[in-house]
>>> print(open('structure.csv').read())   # CSV, C-alpha atoms and all ligand atoms
chain,number,residue,atom,x,y,z
V,29,MET,CA,120.5,83.2,32.6
V,30,ASN,CA,119.6,79.5,32.5
V,31,LYS,CA,116.6,78.4,34.6
V,32,ARG,CA,118.7,76.3,37.1
V,33,LEU,CA,121.0,79.2,37.9
V,34,PHE,CA,118.0,81.5,38.2
V,35,ASN,CA,116.4,79.1,40.8
V,36,ILE,CA,119.6,78.8,42.8
V,37,THR,CA,120.1,82.6,42.9
V,38,ASN,CA,116.5,83.0,43.9
V,39,LEU,CA,116.9,80.5,46.7
V,40,PHE,CA,120.1,82.2,47.9
V,41,PHE,CA,118.4,85.6,48.1
V,42,SER,CA,115.3,84.2,49.9
V,43,PHE,CA,117.6,82.6,52.5
V,44,LEU,CA,119.5,85.9,52.9
V,45,ILE,CA,116.3,87.9,53.4
V,46,LEU,CA,114.9,85.3,55.8
V,47,SER,CA,118.1,85.2,58.0
V,48,VAL,CA,118.2,89.0,58.1
V,49,LEU,CA,114.5,88.9,59.3
V,50,VAL,CA,115.2,86.3,61.9
V,51,THR,CA,118.2,88.1,63.3
V,52,THR,CA,116.4,91.4,63.6
V,53,THR,CA,113.4,89.8,65.2
V,54,ALA,CA,115.6,87.9,67.7
V,55,ALA,CA,117.4,91.2,68.6
V,56,GLN,CA,114.0,92.9,68.9
V,57,SER,CA,112.4,90.1,70.9
V,58,VAL,CA,112.4,91.7,74.4
V,59,THR,CA,109.2,93.2,75.6
V,60,PRO,CA,110.0,96.8,76.5
V,61,ARG,CA,109.1,97.9,80.1
V,62,ILE,CA,109.4,101.0,82.2
V,63,VAL,CA,108.9,102.0,85.9
V,64,ILE,CA,109.2,105.4,87.4
V,65,HIS,CA,108.9,107.1,90.8
V,66,GLY,CA,108.3,110.6,92.1
V,67,GLY,CA,109.6,110.1,95.6
V,68,ALA,CA,108.6,108.3,98.8
V,69,GLY,CA,107.7,109.8,102.2
V,70,THR,CA,104.8,110.7,104.3
V,71,ILE,CA,102.1,110.8,101.7
V,72,ARG,CA,98.6,110.2,103.1
V,73,LYS,CA,95.2,110.4,101.4
V,74,GLU,CA,93.8,112.5,104.2
V,75,GLN,CA,96.4,115.1,103.6
V,76,MET,CA,95.9,115.2,99.8
V,77,THR,CA,93.2,117.3,98.0
V,78,PRO,CA,91.5,115.6,95.1
V,79,ASP,CA,92.9,118.3,92.8
V,80,ARG,CA,96.5,117.8,93.9
V,81,GLU,CA,96.2,114.0,93.6
V,82,LYS,CA,94.9,114.5,90.1
V,83,GLN,CA,97.9,116.7,89.3
V,84,TYR,CA,100.3,114.0,90.5
V,85,ARG,CA,98.6,111.2,88.7
V,86,GLU,CA,98.5,113.2,85.4
V,87,LYS,CA,102.2,114.2,85.6
V,88,LEU,CA,103.3,110.7,86.5
V,89,THR,CA,101.3,109.3,83.6
V,90,GLU,CA,102.9,111.9,81.2
V,91,ALA,CA,106.4,111.0,82.4
V,92,LEU,CA,105.7,107.3,82.2
V,93,MET,CA,104.3,107.5,78.7
V,94,ALA,CA,107.1,109.7,77.4
V,95,GLY,CA,109.7,107.0,78.4
V,96,TYR,CA,107.5,104.1,77.3
V,97,ASN,CA,106.8,105.5,73.9
V,98,ILE,CA,110.5,105.6,73.2
V,99,VAL,CA,111.2,102.0,74.2
V,100,LYS,CA,108.0,100.8,72.5
V,101,GLN,CA,109.1,102.3,69.2
V,102,GLY,CA,112.5,100.6,69.5
V,103,GLY,CA,114.4,103.4,71.1
V,104,THR,CA,117.0,102.9,73.8
V,105,SER,CA,116.4,102.5,77.6
V,106,LEU,CA,118.8,105.4,78.1
V,107,ASP,CA,116.7,107.8,76.0
V,108,ALA,CA,113.6,106.5,77.8
V,109,VAL,CA,114.8,107.1,81.4
V,110,ILE,CA,116.0,110.6,80.4
V,111,ALA,CA,112.7,111.5,78.8
V,112,SER,CA,110.7,110.4,81.9
V,113,VAL,CA,113.0,112.1,84.4
V,114,ARG,CA,113.2,115.3,82.5
V,115,ILE,CA,109.4,115.7,82.6
V,116,MET,CA,109.4,115.3,86.4
V,117,GLU,CA,112.4,117.7,86.7
V,118,ASP,CA,110.4,120.3,84.8
V,119,SER,CA,107.4,119.9,87.1
V,120,PRO,CA,107.2,121.9,90.4
V,121,LEU,CA,105.4,118.9,91.9
V,122,PHE,CA,108.6,117.0,92.5
V,123,ASN,CA,111.8,117.5,94.4
V,124,ALA,CA,114.0,117.6,91.3
V,125,GLY,CA,114.9,120.4,88.9
V,126,LYS,CA,112.1,123.0,89.3
V,127,GLY,CA,110.5,122.5,92.7
V,128,ALA,CA,113.7,121.2,94.4
V,129,VAL,CA,113.9,121.5,98.2
V,130,PHE,CA,115.9,124.2,99.8
V,131,THR,CA,119.2,123.9,101.7
V,132,ASN,CA,119.7,125.5,105.1
V,133,GLU,CA,121.2,128.5,103.3
V,134,GLY,CA,118.1,129.0,101.2
V,135,THR,CA,119.6,127.7,98.0
V,136,ASN,CA,118.8,124.8,95.7
V,137,GLU,CA,121.5,122.2,95.1
V,138,LEU,CA,120.7,119.4,92.7
V,139,ASP,CA,122.0,115.8,92.3
V,140,ALA,CA,121.5,113.3,89.5
V,141,ALA,CA,122.9,110.1,88.1
V,142,ILE,CA,122.4,107.7,85.2
V,143,MET,CA,123.7,104.2,84.5
V,144,ASP,CA,123.8,102.1,81.4
V,145,GLY,CA,123.3,98.4,82.2
V,146,ALA,CA,124.8,97.3,78.9
V,147,SER,CA,128.3,98.9,79.3
V,148,LEU,CA,128.2,99.5,83.1
V,149,LYS,CA,129.1,103.1,82.3
V,150,ALA,CA,127.7,105.7,84.6
V,151,GLY,CA,127.5,109.5,85.0
V,152,ALA,CA,126.7,111.5,88.1
V,153,VAL,CA,126.5,115.2,89.1
V,154,ALA,CA,126.1,116.8,92.5
V,155,VAL,CA,125.6,120.3,94.1
V,156,LEU,CA,124.5,121.9,90.8
V,157,LYS,CA,122.9,125.4,91.3
V,158,ARG,CA,122.1,126.5,87.7
V,159,ILE,CA,121.5,123.5,85.5
V,160,LYS,CA,117.9,123.3,84.4
V,161,ASN,CA,118.0,119.5,83.8
V,162,PRO,CA,120.7,117.8,85.9
V,163,ILE,CA,119.9,114.4,84.3
V,164,ASP,CA,121.1,115.7,80.9
V,165,LEU,CA,124.5,116.7,82.5
V,166,ALA,CA,124.8,113.3,84.2
V,167,ARG,CA,124.4,111.7,80.8
V,168,LEU,CA,127.1,113.9,79.3
V,169,VAL,CA,129.5,113.1,82.1
V,170,MET,CA,128.9,109.4,81.2
V,171,GLU,CA,129.2,109.8,77.4
V,172,LYS,CA,131.5,112.8,76.9
V,173,SER,CA,134.0,112.6,79.7
V,174,PRO,CA,136.4,110.0,81.1
V,175,HIS,CA,134.9,110.6,84.6
V,176,VAL,CA,131.9,109.2,86.5
V,177,MET,CA,131.1,112.1,88.9
V,178,MET,CA,131.4,115.8,88.7
V,179,ILE,CA,130.3,118.3,91.3
V,180,GLY,CA,129.6,122.0,91.9
V,181,GLU,CA,131.4,124.7,89.9
V,182,GLY,CA,133.6,122.1,88.0
V,183,ALA,CA,130.5,120.3,86.8
V,184,GLU,CA,128.9,123.6,85.7
V,185,ALA,CA,132.1,124.5,83.8
V,186,PHE,CA,131.8,121.2,82.0
V,187,ALA,CA,128.2,121.9,81.3
V,188,LYS,CA,129.1,125.2,79.7
V,189,GLN,CA,131.5,123.5,77.4
V,190,GLN,CA,128.8,121.0,76.4
V,191,GLY,CA,126.2,123.6,75.7
V,192,VAL,CA,123.8,122.5,78.5
V,193,GLU,CA,120.9,124.9,79.4
V,194,PHE,CA,121.6,127.1,82.4
V,195,VAL,CA,118.9,128.9,84.4
V,196,ASP,CA,119.0,131.6,87.1
V,197,PRO,CA,119.0,129.9,90.5
V,198,SER,CA,115.6,131.6,91.2
V,199,TYR,CA,114.1,129.3,88.5
V,200,PHE,CA,114.0,126.3,91.0
V,201,ARG,CA,112.2,128.2,93.7
V,202,THR,CA,108.6,127.3,94.6
V,203,GLU,CA,106.7,128.9,97.5
V,204,GLU,CA,105.8,125.5,98.9
V,205,ARG,CA,109.3,124.3,99.2
V,206,TRP,CA,110.3,127.6,100.8
V,207,GLN,CA,107.7,127.2,103.5
V,208,GLN,CA,108.9,123.6,104.0
V,209,LEU,CA,112.3,125.0,104.7
V,210,GLN,CA,110.9,127.4,107.3
V,211,ARG,CA,109.1,124.6,109.0
V,212,ALA,CA,112.1,122.3,108.9
V,213,LYS,CA,114.3,125.0,110.5
V,214,GLU,CA,111.8,125.5,113.3
V,215,ARG,CA,111.7,121.7,113.8
V,216,ASP,CA,115.5,121.6,113.6
V,217,GLN,CA,115.7,124.0,116.5
V,218,ARG,CA,113.3,122.0,118.6
V,219,GLN,CA,114.6,118.5,118.1
V,220,GLY,CA,117.2,118.3,115.3
V,221,ALA,CA,115.1,115.9,113.4
V,222,LEU,CA,115.3,115.2,109.6
V,223,PRO,CA,112.3,116.4,107.7
V,224,ASP,CA,110.1,113.8,105.9
V,225,LYS,CA,108.8,115.6,102.8
V,226,ARG,CA,110.7,114.5,99.7
V,227,GLY,CA,109.9,113.8,96.1
V,228,THR,CA,113.1,112.7,94.3
V,229,VAL,CA,112.4,111.3,90.8
V,230,GLY,CA,113.7,108.3,89.0
V,231,ALA,CA,113.1,105.8,86.1
V,232,VAL,CA,114.3,102.4,85.1
V,233,ALA,CA,113.7,101.0,81.6
V,234,LEU,CA,114.3,97.9,79.5
V,235,ASP,CA,114.4,98.3,75.8
V,236,ARG,CA,113.8,95.8,72.9
V,237,ASN,CA,117.5,94.9,72.8
V,238,GLY,CA,117.4,93.8,76.4
V,239,ASN,CA,119.3,96.8,77.7
V,240,LEU,CA,118.5,98.2,81.1
V,241,ALA,CA,119.1,101.8,82.2
V,242,ALA,CA,118.4,103.7,85.5
V,243,ALA,CA,118.3,107.4,86.2
V,244,THR,CA,117.6,109.4,89.3
V,245,SER,CA,117.4,113.2,90.0
V,246,SER,CA,116.9,115.1,93.2
V,247,GLY,CA,117.1,118.3,95.2
V,248,GLY,CA,118.2,116.2,98.2
V,249,MET,CA,116.8,116.8,101.7
V,250,THR,CA,115.2,120.0,102.9
V,251,ASN,CA,117.4,122.0,105.2
V,252,LYS,CA,120.6,120.1,104.2
V,253,LYS,CA,123.8,121.7,105.2
V,254,PHE,CA,127.5,122.1,104.3
V,255,GLY,CA,127.4,120.8,100.8
V,256,ARG,CA,125.6,117.6,101.8
V,257,VAL,CA,125.2,115.1,99.0
V,258,GLY,CA,122.7,112.3,99.1
V,259,ASP,CA,122.5,108.8,97.7
V,260,VAL,CA,121.1,109.8,94.3
V,261,PRO,CA,124.4,110.5,92.5
V,262,ILE,CA,126.3,107.7,94.4
V,263,ILE,CA,126.5,104.9,91.9
V,264,GLY,CA,125.4,101.7,93.6
V,265,ALA,CA,123.5,103.6,96.4
V,266,GLY,CA,120.6,105.5,94.8
V,267,THR,CA,121.2,104.5,91.2
V,268,TYR,CA,122.5,101.3,89.5
V,269,ALA,CA,121.9,99.2,86.3
V,270,ASN,CA,123.4,96.0,85.1
V,271,ASN,CA,122.0,94.0,82.1
V,272,ASN,CA,122.9,90.7,84.0
V,273,THR,CA,120.6,91.6,86.9
V,274,CYS,CA,118.5,94.7,87.2
V,275,GLY,CA,118.1,98.5,87.2
V,276,VAL,CA,117.3,100.4,90.4
V,277,SER,CA,116.4,103.9,91.3
V,278,ALA,CA,116.0,104.8,95.0
V,279,THR,CA,114.3,107.5,97.1
V,280,GLY,CA,114.4,108.1,100.8
V,281,ALA,CA,116.7,109.2,103.6
V,282,GLY,CA,119.8,109.2,101.5
V,283,GLU,CA,122.3,108.7,104.4
V,284,TYR,CA,120.8,105.3,105.1
V,285,PHE,CA,120.7,104.4,101.4
V,286,ILE,CA,124.4,105.3,101.0
V,287,ARG,CA,125.3,103.2,104.1
V,288,SER,CA,123.3,100.2,102.8
V,289,VAL,CA,124.6,100.6,99.3
V,290,VAL,CA,121.0,99.9,98.3
V,291,ALA,CA,120.9,99.7,94.5
V,292,HIS,CA,124.0,97.6,94.1
V,293,ASP,CA,123.0,95.4,97.0
V,294,ILE,CA,119.8,94.4,95.2
V,295,SER,CA,121.8,93.6,92.1
V,296,ALA,CA,124.4,91.7,94.1
V,297,MET,CA,121.7,89.5,95.8
V,298,MET,CA,120.5,88.5,92.3
V,299,GLU,CA,124.0,88.0,90.9
V,300,TYR,CA,125.6,86.1,93.7
V,301,LYS,CA,122.6,84.4,95.4
V,302,GLY,CA,120.3,84.0,92.4
V,303,LEU,CA,117.4,85.7,94.3
V,304,PRO,CA,114.4,86.9,92.3
V,305,LEU,CA,114.2,90.7,91.9
V,306,LYS,CA,111.2,91.2,94.2
V,307,GLN,CA,112.7,89.2,97.1
V,308,ALA,CA,116.1,91.0,96.7
V,309,ALA,CA,114.5,94.4,96.6
V,310,GLU,CA,112.2,93.7,99.6
V,311,LEU,CA,115.1,92.4,101.7
V,312,VAL,CA,117.3,95.4,101.1
V,313,ILE,CA,114.5,97.9,102.0
V,314,GLU,CA,114.0,95.8,105.1
V,315,LYS,CA,117.7,96.2,105.9
V,316,VAL,CA,117.4,100.0,105.4
V,317,GLY,CA,114.4,100.1,107.8
V,318,LYS,CA,116.3,98.2,110.5
V,319,LEU,CA,119.0,100.8,110.3
V,320,GLY,CA,116.4,103.5,110.9
V,321,GLY,CA,116.0,104.7,107.3
V,322,ASP,CA,112.8,105.2,105.4
V,323,GLY,CA,112.1,105.2,101.6
V,324,GLY,CA,111.9,102.8,98.8
V,325,VAL,CA,113.1,101.8,95.3
V,326,ILE,CA,111.8,101.0,91.9
V,327,ALA,CA,113.5,98.1,90.2
V,328,LEU,CA,113.2,96.2,86.9
V,329,ASP,CA,115.0,93.1,85.9
V,330,ARG,CA,116.2,91.9,82.5
V,331,ASN,CA,113.1,89.7,82.2
V,332,GLY,CA,110.8,92.6,82.7
V,333,ASN,CA,109.8,91.9,86.3
V,334,ILE,CA,109.1,95.0,88.4
V,335,ALA,CA,109.4,95.5,92.1
V,336,MET,CA,108.6,98.7,94.1
V,337,PRO,CA,109.0,98.1,97.8
V,338,PHE,CA,108.9,101.0,100.3
V,339,ASN,CA,108.5,101.4,104.0
V,340,THR,CA,106.8,104.8,104.1
V,341,SER,CA,103.1,105.6,103.9
V,342,GLY,CA,103.3,106.4,100.2
V,343,MET,CA,105.5,106.5,97.1
V,344,TYR,CA,104.6,108.2,93.8
V,345,ARG,CA,105.1,105.4,91.3
V,346,ALA,CA,104.0,104.2,87.9
V,347,TYR,CA,104.7,101.4,85.5
V,348,ILE,CA,103.6,99.6,82.4
V,349,ASP,CA,101.9,96.2,83.1
V,350,GLU,CA,102.1,93.0,81.1
V,351,LYS,CA,99.3,94.1,78.8
V,352,GLY,CA,101.0,97.4,78.1
V,353,ASN,CA,98.7,99.5,80.3
V,354,ALA,CA,99.8,102.4,82.5
V,355,VAL,CA,99.4,101.9,86.3
V,356,VAL,CA,99.8,104.9,88.5
V,357,LEU,CA,99.9,104.5,92.3
V,358,ILE,CA,100.5,106.8,95.3
V,359,TYR,CA,99.6,105.3,98.6
V,360,LYS,CA,100.7,102.1,100.4
V,361,ASP,CA,97.4,100.3,100.2
V,362,GLU,CA,96.1,100.6,96.6
M,1,LIG,N1,117.3,110.3,98.5
M,1,LIG,C1,117.3,111.7,98.4
M,1,LIG,C2,118.4,112.2,99.2
M,1,LIG,O1,118.7,111.8,100.3
M,1,LIG,C3,116.0,112.3,99.0
M,1,LIG,C4,114.7,111.6,98.6
M,1,LIG,O2,114.7,110.6,97.9
M,1,LIG,O3,113.7,112.1,99.0
M,1,LIG,O4,119.1,113.2,98.7
>>> encode(input="structure.csv", output="structure tokens")
Amino acid sequence: MNKRLFNITNLFFSFLILSVLVTTTAAQSVTPRIVIHGGAGTIRKEQMTPDREKQYREKLTEALMAGYNIVKQGGTSLDAVIASVRIMEDSPLFNAGKGAVFTNEGTNELDAAIMDGASLKAGAVAVLKRIKNPIDLARLVMEKSPHVMMIGEGAEAFAKQQGVEFVDPSYFRTEERWQQLQRAKERDQRQGALPDKRGTVGAVALDRNGNLAAATSSGGMTNKKFGRVGDVPIIGAGTYANNNTCGVSATGAGEYFIRSVVAHDISAMMEYKGLPLKQAAELVIEKVGKLGGDGGVIALDRNGNIAMPFNTSGMYRAYIDEKGNAVVLIYKDE
């Protein structure tokens, strides 16, 4: 090969390598973020033992890091939110999967949803009685079926087809939640009030490709009746994600969150009014409060901003800050 041709070929290949490098770094330029919650409600320091608080902080950290490590290493936000939610579903500390609250009939009925901000695809399940990790089934509904929402026996038949793990209904039972039901029933007889102990779980993540995903999983409300379904599996109420705006996962008195279409309302304020995430999220929680509902949300926008407003005394929550450190919070003033 003559020298000139060699130089030109060399130049060509250097350009090629450079442009491949530039494109991959551009596509990988977003700083990954994640935020999770383990439920909002009456959570006061005076009512918490140091040991129990430690257990919550450790489990929240574990769930947060499981999701964060995925997006940090270039994985997808969908995989990240699933990893975080699964860990909390498997822990008896939270009202999701094992440790779910009881219905009035003494059963556990689980709800979950996931949404992909890139495609606006979503999957939701409700009234599950035997699925170990409802969030896995929500994802399968999204990815392996033409539908968005499946409930009860139909959802479990689909789960069987998909090879999802089943457990005996007794797996979900914890003594603490059982006692909660007994107290709720007594209260119900006295005043018909809704109980305030919850613990729904959720996660929102942003991956290096700039894709947002949100996931939520819950046992619903203690003492719920007649096949009641909460806001968690209602896309736009308890769960929503859109790459143009934000991802949201909610927790609180579901009836009010459905009526306020909370998660989509936050996204809509950003999309139509150009409000920043924090302002949009705070406004919507204020609206829920005015209706009489309590609870909160975690939200993350496409620029990596995080908002976690709530109107209860506490919300189990954790996120990765700008420096990549884990921050775990429980009470209102900390
Ligand atoms: N939002 C859930 C529901 O109403 C409960 C909760 O978050 O505590 O089903």
>>> residues_around(input="structure.csv", residues="Val109 in chain V", least_positions_apart="2", cutoff="10 Å", atoms="all atoms listed in the file", output="PyMOL selection string")
chain V and resi 62-64+91-92+94-96+98-99+104-107+111-114+142-143+163+230-234+240-244
>>> closest_residue(input="structure.csv", among="V:Ser277, V:Asn333, V:Ser198, V:Asn237", to="ligand LIG 1 (chain M)", atoms="only C-alpha atoms and all ligand atoms")
V:Ser277
>>> closest_atom_pairs(input="structure.csv", of="chain V", to="ligand LIG 1 (chain M)", cutoff="7 Å", atoms="only C-alpha atoms and all ligand atoms", output="Markdown table")
| residue | atom | partner | partner_atom | distance |
| --- | --- | --- | --- | --- |
| V:Gly67 | CA | M:LIG1 | O2 | 5.6 |
| V:Ala68 | CA | M:LIG1 | O3 | 6.4 |
| V:Arg226 | CA | M:LIG1 | O3 | 3.9 |
| V:Gly227 | CA | M:LIG1 | O3 | 5.1 |
| V:Thr228 | CA | M:LIG1 | O2 | 4.5 |
| V:Ser246 | CA | M:LIG1 | O4 | 6.2 |
| V:Gly247 | CA | M:LIG1 | O4 | 6.5 |
| V:Gly248 | CA | M:LIG1 | O4 | 3.2 |
| V:Met249 | CA | M:LIG1 | O4 | 5.2 |
| V:Val257 | CA | M:LIG1 | O4 | 6.4 |
| V:Gly258 | CA | M:LIG1 | O4 | 3.7 |
| V:Asp259 | CA | M:LIG1 | N1 | 5.5 |
| V:Val260 | CA | M:LIG1 | N1 | 5.7 |
| V:Gly266 | CA | M:LIG1 | N1 | 6.9 |
| V:Ala278 | CA | M:LIG1 | O2 | 6.6 |
| V:Thr279 | CA | M:LIG1 | O2 | 3.2 |
| V:Gly280 | CA | M:LIG1 | O2 | 3.8 |
| V:Ala281 | CA | M:LIG1 | O1 | 4.7 |
| V:Gly282 | CA | M:LIG1 | O1 | 3.1 |
| V:Glu283 | CA | M:LIG1 | O1 | 6.3 |
>>> atom_distance(input="structure.csv", atom1="CA of Met93 in chain V", atom2="CA of Ala108 in chain V")
9.4 Å
>>> atom_distance(input="structure.csv", atom1="CA of Ala346 in chain V", atom2="CA of Gln307 in chain V")
19.6 Å
>>> residues_around(input="structure.csv", residues="range 200-205 of chain V", least_positions_apart="6", cutoff="8 Å", atoms="all atoms listed in the file", output="ChimeraX atom specification")
/V:120,125-130,136
>>> closest_residue(input="structure.csv", among="V:Cys274, V:Leu88, V:Ala309, V:Ile71", to="Val355 in chain V", atoms="only C-alpha atoms")
V:Leu88
>>> atom_distance(input="structure.csv", atom1="CA of Ser295 in chain V", atom2="CA of Met336 in chain V")
14.3 Å
>>> closest_residue(input="structure.csv", among="V:Gly66, V:Pro261, V:Gly134, V:Gly352", to="Val153 in chain V", atoms="only C-alpha atoms")
V:Pro261
>>> residues_near_point(input="structure.csv", point="(131.4, 113.8, 92.0)", cutoff="10 Å", atoms="all atoms listed in the file", output="list in words")
Asp139, Gly151, Ala152, Val153, Ala154, Val155, His175, Val176, Met177, Met178, Ile179, Gly180, Gly182, Ala183, Val257, Pro261 and Ile262 of chain V
>>> residues_around(input="structure.csv", residues="range 74-83 of chain V", least_positions_apart="5", cutoff="12 Å", atoms="only C-alpha atoms", output="list in words")
Leu88, Thr89, Glu90, Met116, Ser119, Pro120, Leu121, Phe122, Ser341, Gly342, Tyr344, Val356, Leu357, Ile358 and Tyr359 of chain V
>>> closest_residue(input="structure.csv", among="V:Asn331, V:Asn161, V:Asn132, V:Asn239", to="Gly103 in chain V", atoms="only C-alpha atoms")
V:Asn239
>>> build_atoms(input="structure.csv", residues="range 205-213 of chain V", atoms="all heavy atoms", output="PDB file, in the frame of the given file")
ATOM      1  N   ARG V 205     108.063 124.796  98.696  1.00  0.00           N
ATOM      2  CA  ARG V 205     109.300 124.300  99.200  1.00  0.00           C
ATOM      3  C   ARG V 205     109.989 125.283 100.163  1.00  0.00           C
ATOM      4  O   ARG V 205     110.672 124.902 101.096  1.00  0.00           O
ATOM      5  CB  ARG V 205     110.296 123.973  98.053  1.00  0.00           C
ATOM      6  CG  ARG V 205     109.829 122.884  97.113  1.00  0.00           C
ATOM      7  CD  ARG V 205     109.762 121.523  97.766  1.00  0.00           C
ATOM      8  NE  ARG V 205     109.472 120.485  96.805  1.00  0.00           N
ATOM      9  CZ  ARG V 205     109.085 119.256  97.107  1.00  0.00           C
ATOM     10  NH1 ARG V 205     108.911 118.900  98.373  1.00  0.00           N
ATOM     11  NH2 ARG V 205     108.868 118.371  96.169  1.00  0.00           N
ATOM     12  N   TRP V 206     109.768 126.584  99.893  1.00  0.00           N
ATOM     13  CA  TRP V 206     110.300 127.600 100.800  1.00  0.00           C
ATOM     14  C   TRP V 206     109.698 127.514 102.153  1.00  0.00           C
ATOM     15  O   TRP V 206     110.389 127.564 103.166  1.00  0.00           O
ATOM     16  CB  TRP V 206     110.093 128.998 100.140  1.00  0.00           C
ATOM     17  CG  TRP V 206     110.658 130.107 100.963  1.00  0.00           C
ATOM     18  CD1 TRP V 206     109.973 131.014 101.728  1.00  0.00           C
ATOM     19  CD2 TRP V 206     112.048 130.418 101.134  1.00  0.00           C
ATOM     20  NE1 TRP V 206     110.840 131.861 102.361  1.00  0.00           N
ATOM     21  CE2 TRP V 206     112.132 131.519 102.021  1.00  0.00           C
ATOM     22  CE3 TRP V 206     113.229 129.875 100.632  1.00  0.00           C
ATOM     23  CZ2 TRP V 206     113.335 132.084 102.412  1.00  0.00           C
ATOM     24  CZ3 TRP V 206     114.436 130.437 101.029  1.00  0.00           C
ATOM     25  CH2 TRP V 206     114.480 131.527 101.902  1.00  0.00           C
ATOM     26  N   GLN V 207     108.379 127.340 102.170  1.00  0.00           N
ATOM     27  CA  GLN V 207     107.700 127.200 103.500  1.00  0.00           C
ATOM     28  C   GLN V 207     108.119 125.922 104.167  1.00  0.00           C
ATOM     29  O   GLN V 207     108.238 125.902 105.388  1.00  0.00           O
ATOM     30  CB  GLN V 207     106.152 127.175 103.241  1.00  0.00           C
ATOM     31  CG  GLN V 207     105.564 128.519 102.779  1.00  0.00           C
ATOM     32  CD  GLN V 207     105.989 129.678 103.672  1.00  0.00           C
ATOM     33  OE1 GLN V 207     106.189 129.526 104.878  1.00  0.00           O
ATOM     34  NE2 GLN V 207     106.160 130.863 103.077  1.00  0.00           N
ATOM     35  N   GLN V 208     108.383 124.890 103.381  1.00  0.00           N
ATOM     36  CA  GLN V 208     108.900 123.600 104.000  1.00  0.00           C
ATOM     37  C   GLN V 208     110.197 123.856 104.691  1.00  0.00           C
ATOM     38  O   GLN V 208     110.416 123.317 105.768  1.00  0.00           O
ATOM     39  CB  GLN V 208     109.126 122.650 102.805  1.00  0.00           C
ATOM     40  CG  GLN V 208     108.537 121.280 103.006  1.00  0.00           C
ATOM     41  CD  GLN V 208     108.655 120.476 101.716  1.00  0.00           C
ATOM     42  OE1 GLN V 208     109.756 120.230 101.237  1.00  0.00           O
ATOM     43  NE2 GLN V 208     107.541 120.065 101.165  1.00  0.00           N
ATOM     44  N   LEU V 209     111.046 124.682 104.088  1.00  0.00           N
ATOM     45  CA  LEU V 209     112.300 125.000 104.700  1.00  0.00           C
ATOM     46  C   LEU V 209     112.116 125.703 106.046  1.00  0.00           C
ATOM     47  O   LEU V 209     112.763 125.391 107.048  1.00  0.00           O
ATOM     48  CB  LEU V 209     113.221 125.817 103.792  1.00  0.00           C
ATOM     49  CG  LEU V 209     114.523 126.311 104.440  1.00  0.00           C
ATOM     50  CD1 LEU V 209     115.460 125.150 104.777  1.00  0.00           C
ATOM     51  CD2 LEU V 209     115.250 127.300 103.531  1.00  0.00           C
ATOM     52  N   GLN V 210     111.177 126.668 106.043  1.00  0.00           N
ATOM     53  CA  GLN V 210     110.900 127.400 107.300  1.00  0.00           C
ATOM     54  C   GLN V 210     110.471 126.485 108.392  1.00  0.00           C
ATOM     55  O   GLN V 210     110.933 126.555 109.531  1.00  0.00           O
ATOM     56  CB  GLN V 210     109.911 128.552 107.061  1.00  0.00           C
ATOM     57  CG  GLN V 210     110.203 129.490 105.887  1.00  0.00           C
ATOM     58  CD  GLN V 210     111.668 129.922 105.816  1.00  0.00           C
ATOM     59  OE1 GLN V 210     112.277 130.305 106.814  1.00  0.00           O
ATOM     60  NE2 GLN V 210     112.257 129.834 104.627  1.00  0.00           N
ATOM     61  N   ARG V 211     109.562 125.565 108.033  1.00  0.00           N
ATOM     62  CA  ARG V 211     109.100 124.600 109.000  1.00  0.00           C
ATOM     63  C   ARG V 211     110.180 123.681 109.507  1.00  0.00           C
ATOM     64  O   ARG V 211     110.302 123.376 110.685  1.00  0.00           O
ATOM     65  CB  ARG V 211     107.903 123.789 108.461  1.00  0.00           C
ATOM     66  CG  ARG V 211     106.607 124.586 108.277  1.00  0.00           C
ATOM     67  CD  ARG V 211     105.425 123.666 108.083  1.00  0.00           C
ATOM     68  NE  ARG V 211     105.542 122.833 106.895  1.00  0.00           N
ATOM     69  CZ  ARG V 211     105.172 123.209 105.653  1.00  0.00           C
ATOM     70  NH1 ARG V 211     104.635 124.408 105.462  1.00  0.00           N
ATOM     71  NH2 ARG V 211     105.304 122.395 104.636  1.00  0.00           N
ATOM     72  N   ALA V 212     111.011 123.260 108.547  1.00  0.00           N
ATOM     73  CA  ALA V 212     112.100 122.300 108.900  1.00  0.00           C
ATOM     74  C   ALA V 212     113.094 123.023 109.835  1.00  0.00           C
ATOM     75  O   ALA V 212     113.602 122.404 110.761  1.00  0.00           O
ATOM     76  CB  ALA V 212     112.822 121.896 107.618  1.00  0.00           C
ATOM     77  N   LYS V 213     113.313 124.312 109.620  1.00  0.00           N
ATOM     78  CA  LYS V 213     114.300 125.000 110.500  1.00  0.00           C
ATOM     79  C   LYS V 213     113.714 125.138 111.902  1.00  0.00           C
ATOM     80  O   LYS V 213     114.460 124.986 112.869  1.00  0.00           O
ATOM     81  CB  LYS V 213     114.517 126.429 109.910  1.00  0.00           C
ATOM     82  CG  LYS V 213     115.537 126.418 108.788  1.00  0.00           C
ATOM     83  CD  LYS V 213     115.881 127.825 108.355  1.00  0.00           C
ATOM     84  CE  LYS V 213     117.156 127.851 107.544  1.00  0.00           C
ATOM     85  NZ  LYS V 213     117.435 129.176 107.003  1.00  0.00           N
TER      86      LYS V 213
END
